[in-house]
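Chemist: Before anything else, here's the structure in question.
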Amino acid sequence: MGLIRRLAERLGPPPHPLGEGLWRRDFDRVDRASQRVLQVLAHQQREAPALVDELTGCRELVWRCCAEAVERSPATDQDVPRDDDLAAAHHAMSRAATAVSQVAQALVIAETDPAAADRSMTHARARAHEAAAALGLDA
């Protein structure tokens with residue numbers, strides 16, 4: 001049985017770089033919300049290069065934050081670390097994910113007025129920068 005299990009593990013997918021815990025969940029939330037924004041834009045057949053650039057930058061910054069957090073505190077569960085900086089980074093990334101989701105909602109609700117989506121994107125970017133600052137990263 002041990003040989004079969006080891007072989008199955010070797011043939012299985014490689015582990016995710018962010019692990020399976022809190023930091024991966026934080027990134028996955030931002031990633032899913034970003035994909036929703038892109039789907040809405042595609043459905044509306046709209047081009048919004050500035051919004052897409054900001055979205056991409058926000059997503060990449062959250063990835064960097066999560067990678068740094070994994071280095072400092074590899075998480076295999078969903079518990080928020082007791083370390084103040086890591087807890088602050090998690091909180092900020094969670095708020096960034098919510099703000100990116102609100103971008104998609106704003107695009108659907110106010111299809112002809114992009115101001116609400118822009119405000120939500122500005123909020124998401126600010127939260128991502130807040131997470132980076134908590135971790136001491138250059139944003």
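Going through the structure tokens in order, the chains are called A, B, and so on, while each chain numbers its residues from 1 and the ligands are numbered from 1 in the order shown.
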Please provide the set of residues having any atom within 10 Å of Leu18 of chain A, restricted to only C-alpha atoms, with same-chain residues fewer than 2 positions apart removed, written as a PyMOL selection string.
Modeler: chain A and resi 15-16+20-28+63+66-71+74-76
Chemist: Those same residues, written as an mmCIF file, in the first residue's frame with C-alpha atoms?
Modeler:
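Below you can see out-v6.cif, which holds the result:
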data_model
loop_
_atom_site.group_PDB
_atom_site.id
_atom_site.type_symbol
_atom_site.label_atom_id
_atom_site.label_comp_id
_atom_site.auth_asym_id
_atom_site.auth_seq_id
_atom_site.Cartn_x
_atom_site.Cartn_y
_atom_site.Cartn_z
ATOM 1 C CA PRO A 15 1.685 21.400 -4.770
ATOM 2 C CA HIS A 16 0.416 24.945 -5.210
ATOM 3 C CA GLU A 20 -3.439 25.014 0.870
ATOM 4 C CA GLY A 21 -4.082 27.430 3.721
ATOM 5 C CA LEU A 22 -5.029 31.016 4.426
ATOM 6 C CA TRP A 23 -2.682 32.713 1.960
ATOM 7 C CA ARG A 24 -3.874 30.638 -0.963
ATOM 8 C CA ARG A 25 -7.476 31.394 -0.001
ATOM 9 C CA ASP A 26 -6.666 35.122 0.070
ATOM 10 C CA PHE A 27 -5.136 34.984 -3.397
ATOM 11 C CA ASP A 28 -7.857 32.736 -4.803
ATOM 12 C CA TRP A 63 0.221 37.421 -5.197
ATOM 13 C CA CYS A 66 0.718 36.054 -0.308
ATOM 14 C CA ALA A 67 4.084 34.658 -1.404
ATOM 15 C CA GLU A 68 5.818 36.776 1.252
ATOM 16 C CA ALA A 69 3.290 35.697 3.874
ATOM 17 C CA VAL A 70 3.877 32.025 3.010
ATOM 18 C CA GLU A 71 7.610 32.579 3.473
ATOM 19 C CA PRO A 74 3.382 28.788 5.960
ATOM 20 C CA ALA A 75 -0.285 28.187 6.640
ATOM 21 C CA THR A 76 -1.930 24.806 6.203
#
Chemist: Between atom CA of Asp138 of chain A and atom CA of Ala126 of chain A, what is the distance in Å, rounded to a tenth?
Modeler: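 Pair atom CA of Asp138 of chain A / atom CA of Ala126 of chain A returns 13.4 Å.
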Chemist: Would you please give, as a PDB file with N, CA and C atoms, in the first residue's frame, all residues of chain A that DSSP assigns to helix (DSSP H, G or I) based on the backbone?
Modeler:
ATOM      1  N   GLY A   2       1.966   1.248   0.745  1.00  0.00           N
ATOM      2  CA  GLY A   2       2.840   2.410   0.814  1.00  0.00           C
ATOM      3  C   GLY A   2       3.417   2.776  -0.534  1.00  0.00           C
ATOM      4  N   LEU A   3       3.822   1.769  -1.325  1.00  0.00           N
ATOM      5  CA  LEU A   3       4.386   2.010  -2.643  1.00  0.00           C
ATOM      6  C   LEU A   3       3.360   2.644  -3.570  1.00  0.00           C
ATOM      7  N   ILE A   4       2.141   2.172  -3.534  1.00  0.00           N
ATOM      8  CA  ILE A   4       1.078   2.724  -4.382  1.00  0.00           C
ATOM      9  C   ILE A   4       0.792   4.173  -3.992  1.00  0.00           C
ATOM     10  N   ARG A   5       0.741   4.455  -2.699  1.00  0.00           N
ATOM     11  CA  ARG A   5       0.475   5.821  -2.240  1.00  0.00           C
ATOM     12  C   ARG A   5       1.596   6.763  -2.680  1.00  0.00           C
ATOM     13  N   ARG A   6       2.857   6.338  -2.523  1.00  0.00           N
ATOM     14  CA  ARG A   6       3.989   7.181  -2.931  1.00  0.00           C
ATOM     15  C   ARG A   6       3.966   7.426  -4.438  1.00  0.00           C
ATOM     16  N   LEU A   7       3.639   6.410  -5.201  1.00  0.00           N
ATOM     17  CA  LEU A   7       3.557   6.553  -6.653  1.00  0.00           C
ATOM     18  C   LEU A   7       2.430   7.515  -7.035  1.00  0.00           C
ATOM     19  N   ALA A   8       1.296   7.384  -6.372  1.00  0.00           N
ATOM     20  CA  ALA A   8       0.162   8.279  -6.647  1.00  0.00           C
ATOM     21  C   ALA A   8       0.524   9.719  -6.303  1.00  0.00           C
ATOM     22  N   GLU A   9       1.226   9.930  -5.196  1.00  0.00           N
ATOM     23  CA  GLU A   9       1.634  11.281  -4.817  1.00  0.00           C
ATOM     24  C   GLU A   9       2.606  11.866  -5.839  1.00  0.00           C
ATOM     25  N   ARG A  10       3.515  11.031  -6.336  1.00  0.00           N
ATOM     26  CA  ARG A  10       4.485  11.490  -7.310  1.00  0.00           C
ATOM     27  C   ARG A  10       3.825  11.830  -8.637  1.00  0.00           C
ATOM     28  N   LEU A  11       2.792  11.099  -8.998  1.00  0.00           N
ATOM     29  CA  LEU A  11       2.112  11.332 -10.273  1.00  0.00           C
ATOM     30  C   LEU A  11       1.023  12.396 -10.181  1.00  0.00           C
ATOM     31  N   LEU A  22      -4.481  29.658   4.426  1.00  0.00           N
ATOM     32  CA  LEU A  22      -5.029  31.016   4.426  1.00  0.00           C
ATOM     33  C   LEU A  22      -4.532  31.866   3.261  1.00  0.00           C
ATOM     34  N   TRP A  23      -3.244  31.822   2.977  1.00  0.00           N
ATOM     35  CA  TRP A  23      -2.682  32.713   1.960  1.00  0.00           C
ATOM     36  C   TRP A  23      -3.168  32.330   0.567  1.00  0.00           C
ATOM     37  N   ARG A  24      -3.322  31.054   0.334  1.00  0.00           N
ATOM     38  CA  ARG A  24      -3.874  30.638  -0.963  1.00  0.00           C
ATOM     39  C   ARG A  24      -5.325  31.091  -1.060  1.00  0.00           C
ATOM     40  N   ARG A  25      -6.074  30.952   0.022  1.00  0.00           N
ATOM     41  CA  ARG A  25      -7.476  31.394  -0.001  1.00  0.00           C
ATOM     42  C   ARG A  25      -7.555  32.892  -0.298  1.00  0.00           C
ATOM     43  N   ASP A  26      -6.661  33.681   0.329  1.00  0.00           N
ATOM     44  CA  ASP A  26      -6.666  35.122   0.070  1.00  0.00           C
ATOM     45  C   ASP A  26      -6.421  35.407  -1.409  1.00  0.00           C
ATOM     46  N   PHE A  27      -5.419  34.743  -1.987  1.00  0.00           N
ATOM     47  CA  PHE A  27      -5.136  34.984  -3.397  1.00  0.00           C
ATOM     48  C   PHE A  27      -6.269  34.490  -4.281  1.00  0.00           C
ATOM     49  N   ASP A  28      -6.787  33.302  -3.984  1.00  0.00           N
ATOM     50  CA  ASP A  28      -7.857  32.736  -4.803  1.00  0.00           C
ATOM     51  C   ASP A  28      -9.081  33.643  -4.849  1.00  0.00           C
ATOM     52  N   ARG A  29      -9.401  34.308  -3.740  1.00  0.00           N
ATOM     53  CA  ARG A  29     -10.547  35.221  -3.732  1.00  0.00           C
ATOM     54  C   ARG A  29     -10.323  36.386  -4.692  1.00  0.00           C
ATOM     55  N   VAL A  30      -9.125  36.959  -4.661  1.00  0.00           N
ATOM     56  CA  VAL A  30      -8.818  38.068  -5.568  1.00  0.00           C
ATOM     57  C   VAL A  30      -8.791  37.574  -7.007  1.00  0.00           C
ATOM     58  N   ASP A  31      -8.234  36.404  -7.226  1.00  0.00           N
ATOM     59  CA  ASP A  31      -8.151  35.841  -8.567  1.00  0.00           C
ATOM     60  C   ASP A  31      -9.546  35.582  -9.146  1.00  0.00           C
ATOM     61  N   ARG A  32     -10.421  34.961  -8.361  1.00  0.00           N
ATOM     62  CA  ARG A  32     -11.789  34.699  -8.849  1.00  0.00           C
ATOM     63  C   ARG A  32     -12.525  35.996  -9.149  1.00  0.00           C
ATOM     64  N   ALA A  33     -12.379  36.976  -8.276  1.00  0.00           N
ATOM     65  CA  ALA A  33     -13.054  38.260  -8.491  1.00  0.00           C
ATOM     66  C   ALA A  33     -12.506  38.941  -9.751  1.00  0.00           C
ATOM     67  N   SER A  34     -11.202  38.839  -9.961  1.00  0.00           N
ATOM     68  CA  SER A  34     -10.590  39.423 -11.166  1.00  0.00           C
ATOM     69  C   SER A  34     -11.128  38.754 -12.421  1.00  0.00           C
ATOM     70  N   GLN A  35     -11.254  37.452 -12.379  1.00  0.00           N
ATOM     71  CA  GLN A  35     -11.805  36.733 -13.530  1.00  0.00           C
ATOM     72  C   GLN A  35     -13.248  37.149 -13.806  1.00  0.00           C
ATOM     73  N   ARG A  36     -14.018  37.401 -12.738  1.00  0.00           N
ATOM     74  CA  ARG A  36     -15.399  37.866 -12.926  1.00  0.00           C
ATOM     75  C   ARG A  36     -15.425  39.222 -13.624  1.00  0.00           C
ATOM     76  N   VAL A  37     -14.524  40.119 -13.229  1.00  0.00           N
ATOM     77  CA  VAL A  37     -14.466  41.435 -13.871  1.00  0.00           C
ATOM     78  C   VAL A  37     -14.190  41.258 -15.363  1.00  0.00           C
ATOM     79  N   LEU A  38     -13.221  40.421 -15.694  1.00  0.00           N
ATOM     80  CA  LEU A  38     -12.890  40.204 -17.104  1.00  0.00           C
ATOM     81  C   LEU A  38     -14.049  39.566 -17.867  1.00  0.00           C
ATOM     82  N   GLN A  39     -14.776  38.661 -17.221  1.00  0.00           N
ATOM     83  CA  GLN A  39     -15.943  38.040 -17.859  1.00  0.00           C
ATOM     84  C   GLN A  39     -17.030  39.072 -18.129  1.00  0.00           C
ATOM     85  N   VAL A  40     -17.263  39.957 -17.188  1.00  0.00           N
ATOM     86  CA  VAL A  40     -18.282  40.997 -17.371  1.00  0.00           C
ATOM     87  C   VAL A  40     -17.886  41.900 -18.526  1.00  0.00           C
ATOM     88  N   LEU A  41     -16.618  42.315 -18.558  1.00  0.00           N
ATOM     89  CA  LEU A  41     -16.158  43.169 -19.650  1.00  0.00           C
ATOM     90  C   LEU A  41     -16.313  42.469 -21.001  1.00  0.00           C
ATOM     91  N   ALA A  42     -15.975  41.186 -21.036  1.00  0.00           N
ATOM     92  CA  ALA A  42     -16.106  40.434 -22.289  1.00  0.00           C
ATOM     93  C   ALA A  42     -17.569  40.310 -22.693  1.00  0.00           C
ATOM     94  N   HIS A  43     -18.439  40.044 -21.728  1.00  0.00           N
ATOM     95  CA  HIS A  43     -19.864  39.920 -22.014  1.00  0.00           C
ATOM     96  C   HIS A  43     -20.438  41.240 -22.533  1.00  0.00           C
ATOM     97  N   PRO A  49      -8.931  49.289 -21.020  1.00  0.00           N
ATOM     98  CA  PRO A  49      -7.521  48.961 -20.786  1.00  0.00           C
ATOM     99  C   PRO A  49      -6.974  49.498 -19.463  1.00  0.00           C
ATOM    100  N   ALA A  50      -7.395  50.677 -19.054  1.00  0.00           N
ATOM    101  CA  ALA A  50      -6.899  51.227 -17.790  1.00  0.00           C
ATOM    102  C   ALA A  50      -7.379  50.378 -16.609  1.00  0.00           C
ATOM    103  N   LEU A  51      -8.641  49.995 -16.645  1.00  0.00           N
ATOM    104  CA  LEU A  51      -9.196  49.157 -15.584  1.00  0.00           C
ATOM    105  C   LEU A  51      -8.506  47.793 -15.556  1.00  0.00           C
ATOM    106  N   VAL A  52      -8.281  47.208 -16.701  1.00  0.00           N
ATOM    107  CA  VAL A  52      -7.621  45.901 -16.779  1.00  0.00           C
ATOM    108  C   VAL A  52      -6.185  46.006 -16.268  1.00  0.00           C
ATOM    109  N   ASP A  53      -5.495  47.092 -16.602  1.00  0.00           N
ATOM    110  CA  ASP A  53      -4.131  47.289 -16.093  1.00  0.00           C
ATOM    111  C   ASP A  53      -4.120  47.403 -14.571  1.00  0.00           C
ATOM    112  N   GLU A  54      -5.055  48.170 -14.019  1.00  0.00           N
ATOM    113  CA  GLU A  54      -5.133  48.307 -12.565  1.00  0.00           C
ATOM    114  C   GLU A  54      -5.476  46.977 -11.904  1.00  0.00           C
ATOM    115  N   LEU A  55      -6.395  46.259 -12.504  1.00  0.00           N
ATOM    116  CA  LEU A  55      -6.802  44.954 -11.993  1.00  0.00           C
ATOM    117  C   LEU A  55      -5.617  43.988 -11.983  1.00  0.00           C
ATOM    118  N   THR A  56      -4.876  43.965 -13.072  1.00  0.00           N
ATOM    119  CA  THR A  56      -3.701  43.097 -13.174  1.00  0.00           C
ATOM    120  C   THR A  56      -2.656  43.478 -12.133  1.00  0.00           C
ATOM    121  N   GLY A  57      -2.422  44.755 -11.965  1.00  0.00           N
ATOM    122  CA  GLY A  57      -1.454  45.213 -10.963  1.00  0.00           C
ATOM    123  C   GLY A  57      -1.868  44.845  -9.551  1.00  0.00           C
ATOM    124  N   CYS A  58      -3.140  44.983  -9.252  1.00  0.00           N
ATOM    125  CA  CYS A  58      -3.667  44.635  -7.938  1.00  0.00           C
ATOM    126  C   CYS A  58      -3.507  43.136  -7.686  1.00  0.00           C
ATOM    127  N   ARG A  59      -3.882  42.344  -8.663  1.00  0.00           N
ATOM    128  CA  ARG A  59      -3.779  40.883  -8.542  1.00  0.00           C
ATOM    129  C   ARG A  59      -2.328  40.458  -8.329  1.00  0.00           C
ATOM    130  N   GLU A  60      -1.422  41.038  -9.091  1.00  0.00           N
ATOM    131  CA  GLU A  60      -0.004  40.697  -8.954  1.00  0.00           C
ATOM    132  C   GLU A  60       0.554  41.117  -7.596  1.00  0.00           C
ATOM    133  N   LEU A  61       0.119  42.258  -7.090  1.00  0.00           N
ATOM    134  CA  LEU A  61       0.583  42.701  -5.775  1.00  0.00           C
ATOM    135  C   LEU A  61       0.059  41.781  -4.676  1.00  0.00           C
ATOM    136  N   VAL A  62      -1.179  41.352  -4.793  1.00  0.00           N
ATOM    137  CA  VAL A  62      -1.718  40.415  -3.804  1.00  0.00           C
ATOM    138  C   VAL A  62      -0.946  39.096  -3.866  1.00  0.00           C
ATOM    139  N   TRP A  63      -0.595  38.644  -5.071  1.00  0.00           N
ATOM    140  CA  TRP A  63       0.221  37.421  -5.197  1.00  0.00           C
ATOM    141  C   TRP A  63       1.556  37.597  -4.458  1.00  0.00           C
ATOM    142  N   ARG A  64       2.216  38.730  -4.684  1.00  0.00           N
ATOM    143  CA  ARG A  64       3.492  38.985  -3.997  1.00  0.00           C
ATOM    144  C   ARG A  64       3.314  38.990  -2.488  1.00  0.00           C
ATOM    145  N   CYS A  65       2.239  39.598  -2.023  1.00  0.00           N
ATOM    146  CA  CYS A  65       1.963  39.631  -0.586  1.00  0.00           C
ATOM    147  C   CYS A  65       1.751  38.222  -0.038  1.00  0.00           C
ATOM    148  N   CYS A  66       0.982  37.427  -0.755  1.00  0.00           N
ATOM    149  CA  CYS A  66       0.718  36.054  -0.308  1.00  0.00           C
ATOM    150  C   CYS A  66       1.989  35.222  -0.319  1.00  0.00           C
ATOM    151  N   ALA A  67       2.823  35.398  -1.339  1.00  0.00           N
ATOM    152  CA  ALA A  67       4.084  34.658  -1.404  1.00  0.00           C
ATOM    153  C   ALA A  67       4.985  35.048  -0.231  1.00  0.00           C
ATOM    154  N   GLU A  68       5.029  36.322   0.100  1.00  0.00           N
ATOM    155  CA  GLU A  68       5.818  36.776   1.252  1.00  0.00           C
ATOM    156  C   GLU A  68       5.247  36.224   2.551  1.00  0.00           C
ATOM    157  N   ALA A  69       3.935  36.219   2.668  1.00  0.00           N
ATOM    158  CA  ALA A  69       3.290  35.697   3.874  1.00  0.00           C
ATOM    159  C   ALA A  69       3.570  34.205   4.044  1.00  0.00           C
ATOM    160  N   VAL A  70       3.568  33.457   2.944  1.00  0.00           N
ATOM    161  CA  VAL A  70       3.877  32.025   3.010  1.00  0.00           C
ATOM    162  C   VAL A  70       5.306  31.821   3.489  1.00  0.00           C
ATOM    163  N   GLU A  71       6.213  32.676   3.023  1.00  0.00           N
ATOM    164  CA  GLU A  71       7.610  32.579   3.473  1.00  0.00           C
ATOM    165  C   GLU A  71       7.716  32.802   4.977  1.00  0.00           C
ATOM    166  N   ARG A  72       6.970  33.761   5.475  1.00  0.00           N
ATOM    167  CA  ARG A  72       7.034  34.094   6.907  1.00  0.00           C
ATOM    168  C   ARG A  72       6.267  33.120   7.780  1.00  0.00           C
ATOM    169  N   ASP A  84       0.916  40.540  14.270  1.00  0.00           N
ATOM    170  CA  ASP A  84       0.124  41.720  13.890  1.00  0.00           C
ATOM    171  C   ASP A  84       0.272  42.082  12.412  1.00  0.00           C
ATOM    172  N   ASP A  85       1.496  42.023  11.880  1.00  0.00           N
ATOM    173  CA  ASP A  85       1.712  42.390  10.482  1.00  0.00           C
ATOM    174  C   ASP A  85       1.026  41.409   9.540  1.00  0.00           C
ATOM    175  N   LEU A  86       1.138  40.114   9.834  1.00  0.00           N
ATOM    176  CA  LEU A  86       0.493  39.107   8.986  1.00  0.00           C
ATOM    177  C   LEU A  86      -1.023  39.201   9.075  1.00  0.00           C
ATOM    178  N   ALA A  87      -1.536  39.459  10.273  1.00  0.00           N
ATOM    179  CA  ALA A  87      -2.986  39.611  10.435  1.00  0.00           C
ATOM    180  C   ALA A  87      -3.476  40.838   9.665  1.00  0.00           C
ATOM    181  N   ALA A  88      -2.708  41.932   9.744  1.00  0.00           N
ATOM    182  CA  ALA A  88      -3.092  43.149   9.018  1.00  0.00           C
ATOM    183  C   ALA A  88      -3.049  42.910   7.502  1.00  0.00           C
ATOM    184  N   ALA A  89      -2.041  42.182   7.039  1.00  0.00           N
ATOM    185  CA  ALA A  89      -1.942  41.881   5.610  1.00  0.00           C
ATOM    186  C   ALA A  89      -3.128  41.026   5.165  1.00  0.00           C
ATOM    187  N   HIS A  90      -3.476  40.013   5.956  1.00  0.00           N
ATOM    188  CA  HIS A  90      -4.629  39.167   5.616  1.00  0.00           C
ATOM    189  C   HIS A  90      -5.905  40.005   5.545  1.00  0.00           C
ATOM    190  N   HIS A  91      -6.106  40.855   6.529  1.00  0.00           N
ATOM    191  CA  HIS A  91      -7.309  41.696   6.559  1.00  0.00           C
ATOM    192  C   HIS A  91      -7.370  42.593   5.313  1.00  0.00           C
ATOM    193  N   ALA A  92      -6.237  43.195   4.967  1.00  0.00           N
ATOM    194  CA  ALA A  92      -6.201  44.089   3.806  1.00  0.00           C
ATOM    195  C   ALA A  92      -6.449  43.317   2.506  1.00  0.00           C
ATOM    196  N   MET A  93      -5.879  42.103   2.399  1.00  0.00           N
ATOM    197  CA  MET A  93      -6.102  41.317   1.176  1.00  0.00           C
ATOM    198  C   MET A  93      -7.552  40.852   1.077  1.00  0.00           C
ATOM    199  N   SER A  94      -8.165  40.566   2.199  1.00  0.00           N
ATOM    200  CA  SER A  94      -9.572  40.184   2.204  1.00  0.00           C
ATOM    201  C   SER A  94     -10.434  41.356   1.734  1.00  0.00           C
ATOM    202  N   ARG A  95     -10.110  42.541   2.200  1.00  0.00           N
ATOM    203  CA  ARG A  95     -10.846  43.727   1.773  1.00  0.00           C
ATOM    204  C   ARG A  95     -10.590  44.039   0.295  1.00  0.00           C
ATOM    205  N   ALA A  96      -9.366  43.769  -0.184  1.00  0.00           N
ATOM    206  CA  ALA A  96      -9.059  43.963  -1.604  1.00  0.00           C
ATOM    207  C   ALA A  96      -9.924  43.027  -2.453  1.00  0.00           C
ATOM    208  N   ALA A  97     -10.066  41.778  -2.014  1.00  0.00           N
ATOM    209  CA  ALA A  97     -10.891  40.812  -2.754  1.00  0.00           C
ATOM    210  C   ALA A  97     -12.339  41.282  -2.824  1.00  0.00           C
ATOM    211  N   THR A  98     -12.839  41.788  -1.720  1.00  0.00           N
ATOM    212  CA  THR A  98     -14.206  42.292  -1.697  1.00  0.00           C
ATOM    213  C   THR A  98     -14.360  43.472  -2.659  1.00  0.00           C
ATOM    214  N   ALA A  99     -13.382  44.358  -2.660  1.00  0.00           N
ATOM    215  CA  ALA A  99     -13.449  45.527  -3.541  1.00  0.00           C
ATOM    216  C   ALA A  99     -13.385  45.117  -5.011  1.00  0.00           C
ATOM    217  N   VAL A 100     -12.563  44.120  -5.353  1.00  0.00           N
ATOM    218  CA  VAL A 100     -12.515  43.658  -6.744  1.00  0.00           C
ATOM    219  C   VAL A 100     -13.860  43.054  -7.140  1.00  0.00           C
ATOM    220  N   SER A 101     -14.491  42.330  -6.226  1.00  0.00           N
ATOM    221  CA  SER A 101     -15.838  41.793  -6.504  1.00  0.00           C
ATOM    222  C   SER A 101     -16.818  42.928  -6.761  1.00  0.00           C
ATOM    223  N   GLN A 102     -16.668  44.005  -6.024  1.00  0.00           N
ATOM    224  CA  GLN A 102     -17.555  45.156  -6.204  1.00  0.00           C
ATOM    225  C   GLN A 102     -17.331  45.834  -7.552  1.00  0.00           C
ATOM    226  N   VAL A 103     -16.117  45.714  -8.094  1.00  0.00           N
ATOM    227  CA  VAL A 103     -15.865  46.242  -9.445  1.00  0.00           C
ATOM    228  C   VAL A 103     -16.773  45.530 -10.444  1.00  0.00           C
ATOM    229  N   ALA A 104     -16.817  44.205 -10.357  1.00  0.00           N
ATOM    230  CA  ALA A 104     -17.674  43.435 -11.274  1.00  0.00           C
ATOM    231  C   ALA A 104     -19.137  43.816 -11.094  1.00  0.00           C
ATOM    232  N   GLN A 105     -19.570  43.941  -9.848  1.00  0.00           N
ATOM    233  CA  GLN A 105     -20.964  44.319  -9.588  1.00  0.00           C
ATOM    234  C   GLN A 105     -21.271  45.698 -10.168  1.00  0.00           C
ATOM    235  N   ALA A 106     -20.346  46.634  -9.975  1.00  0.00           N
ATOM    236  CA  ALA A 106     -20.563  47.990 -10.481  1.00  0.00           C
ATOM    237  C   ALA A 106     -20.630  48.011 -12.008  1.00  0.00           C
ATOM    238  N   LEU A 107     -19.821  47.178 -12.645  1.00  0.00           N
ATOM    239  CA  LEU A 107     -19.856  47.126 -14.110  1.00  0.00           C
ATOM    240  C   LEU A 107     -21.201  46.615 -14.613  1.00  0.00           C
ATOM    241  N   VAL A 108     -21.782  45.673 -13.895  1.00  0.00           N
ATOM    242  CA  VAL A 108     -23.078  45.119 -14.297  1.00  0.00           C
ATOM    243  C   VAL A 108     -24.190  46.118 -14.014  1.00  0.00           C
ATOM    244  N   ILE A 109     -24.188  46.693 -12.837  1.00  0.00           N
ATOM    245  CA  ILE A 109     -25.279  47.573 -12.411  1.00  0.00           C
ATOM    246  C   ILE A 109     -25.257  48.904 -13.171  1.00  0.00           C
ATOM    247  N   ALA A 115     -17.808  55.109 -13.311  1.00  0.00           N
ATOM    248  CA  ALA A 115     -17.261  55.767 -12.125  1.00  0.00           C
ATOM    249  C   ALA A 115     -17.309  54.863 -10.889  1.00  0.00           C
ATOM    250  N   ALA A 116     -18.390  54.124 -10.693  1.00  0.00           N
ATOM    251  CA  ALA A 116     -18.500  53.255  -9.526  1.00  0.00           C
ATOM    252  C   ALA A 116     -17.461  52.142  -9.592  1.00  0.00           C
ATOM    253  N   ALA A 117     -17.249  51.581 -10.761  1.00  0.00           N
ATOM    254  CA  ALA A 117     -16.234  50.536 -10.928  1.00  0.00           C
ATOM    255  C   ALA A 117     -14.849  51.110 -10.667  1.00  0.00           C
ATOM    256  N   ASP A 118     -14.608  52.325 -11.129  1.00  0.00           N
ATOM    257  CA  ASP A 118     -13.308  52.971 -10.896  1.00  0.00           C
ATOM    258  C   ASP A 118     -13.070  53.202  -9.408  1.00  0.00           C
ATOM    259  N   ARG A 119     -14.108  53.623  -8.689  1.00  0.00           N
ATOM    260  CA  ARG A 119     -13.967  53.840  -7.240  1.00  0.00           C
ATOM    261  C   ARG A 119     -13.648  52.525  -6.522  1.00  0.00           C
ATOM    262  N   SER A 120     -14.340  51.464  -6.898  1.00  0.00           N
ATOM    263  CA  SER A 120     -14.079  50.159  -6.284  1.00  0.00           C
ATOM    264  C   SER A 120     -12.673  49.674  -6.607  1.00  0.00           C
ATOM    265  N   MET A 121     -12.223  49.914  -7.832  1.00  0.00           N
ATOM    266  CA  MET A 121     -10.870  49.492  -8.211  1.00  0.00           C
ATOM    267  C   MET A 121      -9.828  50.291  -7.442  1.00  0.00           C
ATOM    268  N   THR A 122     -10.079  51.562  -7.236  1.00  0.00           N
ATOM    269  CA  THR A 122      -9.166  52.391  -6.445  1.00  0.00           C
ATOM    270  C   THR A 122      -9.091  51.862  -5.015  1.00  0.00           C
ATOM    271  N   HIS A 123     -10.228  51.486  -4.463  1.00  0.00           N
ATOM    272  CA  HIS A 123     -10.275  50.919  -3.110  1.00  0.00           C
ATOM    273  C   HIS A 123      -9.509  49.593  -3.061  1.00  0.00           C
ATOM    274  N   ALA A 124      -9.674  48.742  -4.068  1.00  0.00           N
ATOM    275  CA  ALA A 124      -8.974  47.447  -4.106  1.00  0.00           C
ATOM    276  C   ALA A 124      -7.469  47.661  -4.165  1.00  0.00           C
ATOM    277  N   ARG A 125      -7.050  48.570  -5.008  1.00  0.00           N
ATOM    278  CA  ARG A 125      -5.616  48.851  -5.128  1.00  0.00           C
ATOM    279  C   ARG A 125      -5.053  49.390  -3.819  1.00  0.00           C
ATOM    280  N   ALA A 126      -5.795  50.256  -3.157  1.00  0.00           N
ATOM    281  CA  ALA A 126      -5.340  50.803  -1.877  1.00  0.00           C
ATOM    282  C   ALA A 126      -5.209  49.706  -0.822  1.00  0.00           C
ATOM    283  N   ARG A 127      -6.146  48.763  -0.810  1.00  0.00           N
ATOM    284  CA  ARG A 127      -6.070  47.653   0.159  1.00  0.00           C
ATOM    285  C   ARG A 127      -4.871  46.742  -0.149  1.00  0.00           C
ATOM    286  N   ALA A 128      -4.590  46.502  -1.428  1.00  0.00           N
ATOM    287  CA  ALA A 128      -3.428  45.691  -1.800  1.00  0.00           C
ATOM    288  C   ALA A 128      -2.138  46.384  -1.360  1.00  0.00           C
ATOM    289  N   HIS A 129      -2.080  47.703  -1.530  1.00  0.00           N
ATOM    290  CA  HIS A 129      -0.915  48.462  -1.075  1.00  0.00           C
ATOM    291  C   HIS A 129      -0.806  48.434   0.454  1.00  0.00           C
ATOM    292  N   GLU A 130      -1.933  48.459   1.126  1.00  0.00           N
ATOM    293  CA  GLU A 130      -1.957  48.369   2.577  1.00  0.00           C
ATOM    294  C   GLU A 130      -1.371  47.019   3.035  1.00  0.00           C
ATOM    295  N   ALA A 131      -1.723  45.949   2.345  1.00  0.00           N
ATOM    296  CA  ALA A 131      -1.175  44.621   2.663  1.00  0.00           C
ATOM    297  C   ALA A 131       0.335  44.597   2.434  1.00  0.00           C
ATOM    298  N   ALA A 132       0.758  45.176   1.325  1.00  0.00           N
ATOM    299  CA  ALA A 132       2.195  45.214   1.023  1.00  0.00           C
ATOM    300  C   ALA A 132       2.955  46.010   2.091  1.00  0.00           C
ATOM    301  N   ALA A 133       2.375  47.117   2.514  1.00  0.00           N
ATOM    302  CA  ALA A 133       3.027  47.929   3.553  1.00  0.00           C
ATOM    303  C   ALA A 133       3.126  47.157   4.869  1.00  0.00           C
ATOM    304  N   ALA A 134       2.091  46.412   5.218  1.00  0.00           N
ATOM    305  CA  ALA A 134       2.119  45.619   6.455  1.00  0.00           C
ATOM    306  C   ALA A 134       3.235  44.583   6.415  1.00  0.00           C
ATOM    307  N   LEU A 135       3.550  44.098   5.215  1.00  0.00           N
ATOM    308  CA  LEU A 135       4.590  43.082   5.053  1.00  0.00           C
ATOM    309  C   LEU A 135       5.957  43.693   4.737  1.00  0.00           C
TER     310      LEU A 135
END
Chemist: Mind pulling up the distance from atom CA of Asp77 of chain A to atom CA of Gly136 of chain A?
Modeler: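 Spanning atom CA of Gly136 of chain A to atom CA of Asp77 of chain A is a straight-line distance of 23.6 Å.
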Chemist: Please report the interatomic distance between atom CA of Gly19 of chain A and atom CA of Leu137 of chain A in Å with one decimal.
Modeler: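 For atom CA of Gly19 of chain A relative to atom CA of Leu137 of chain A, the distance reads 20.5 Å.
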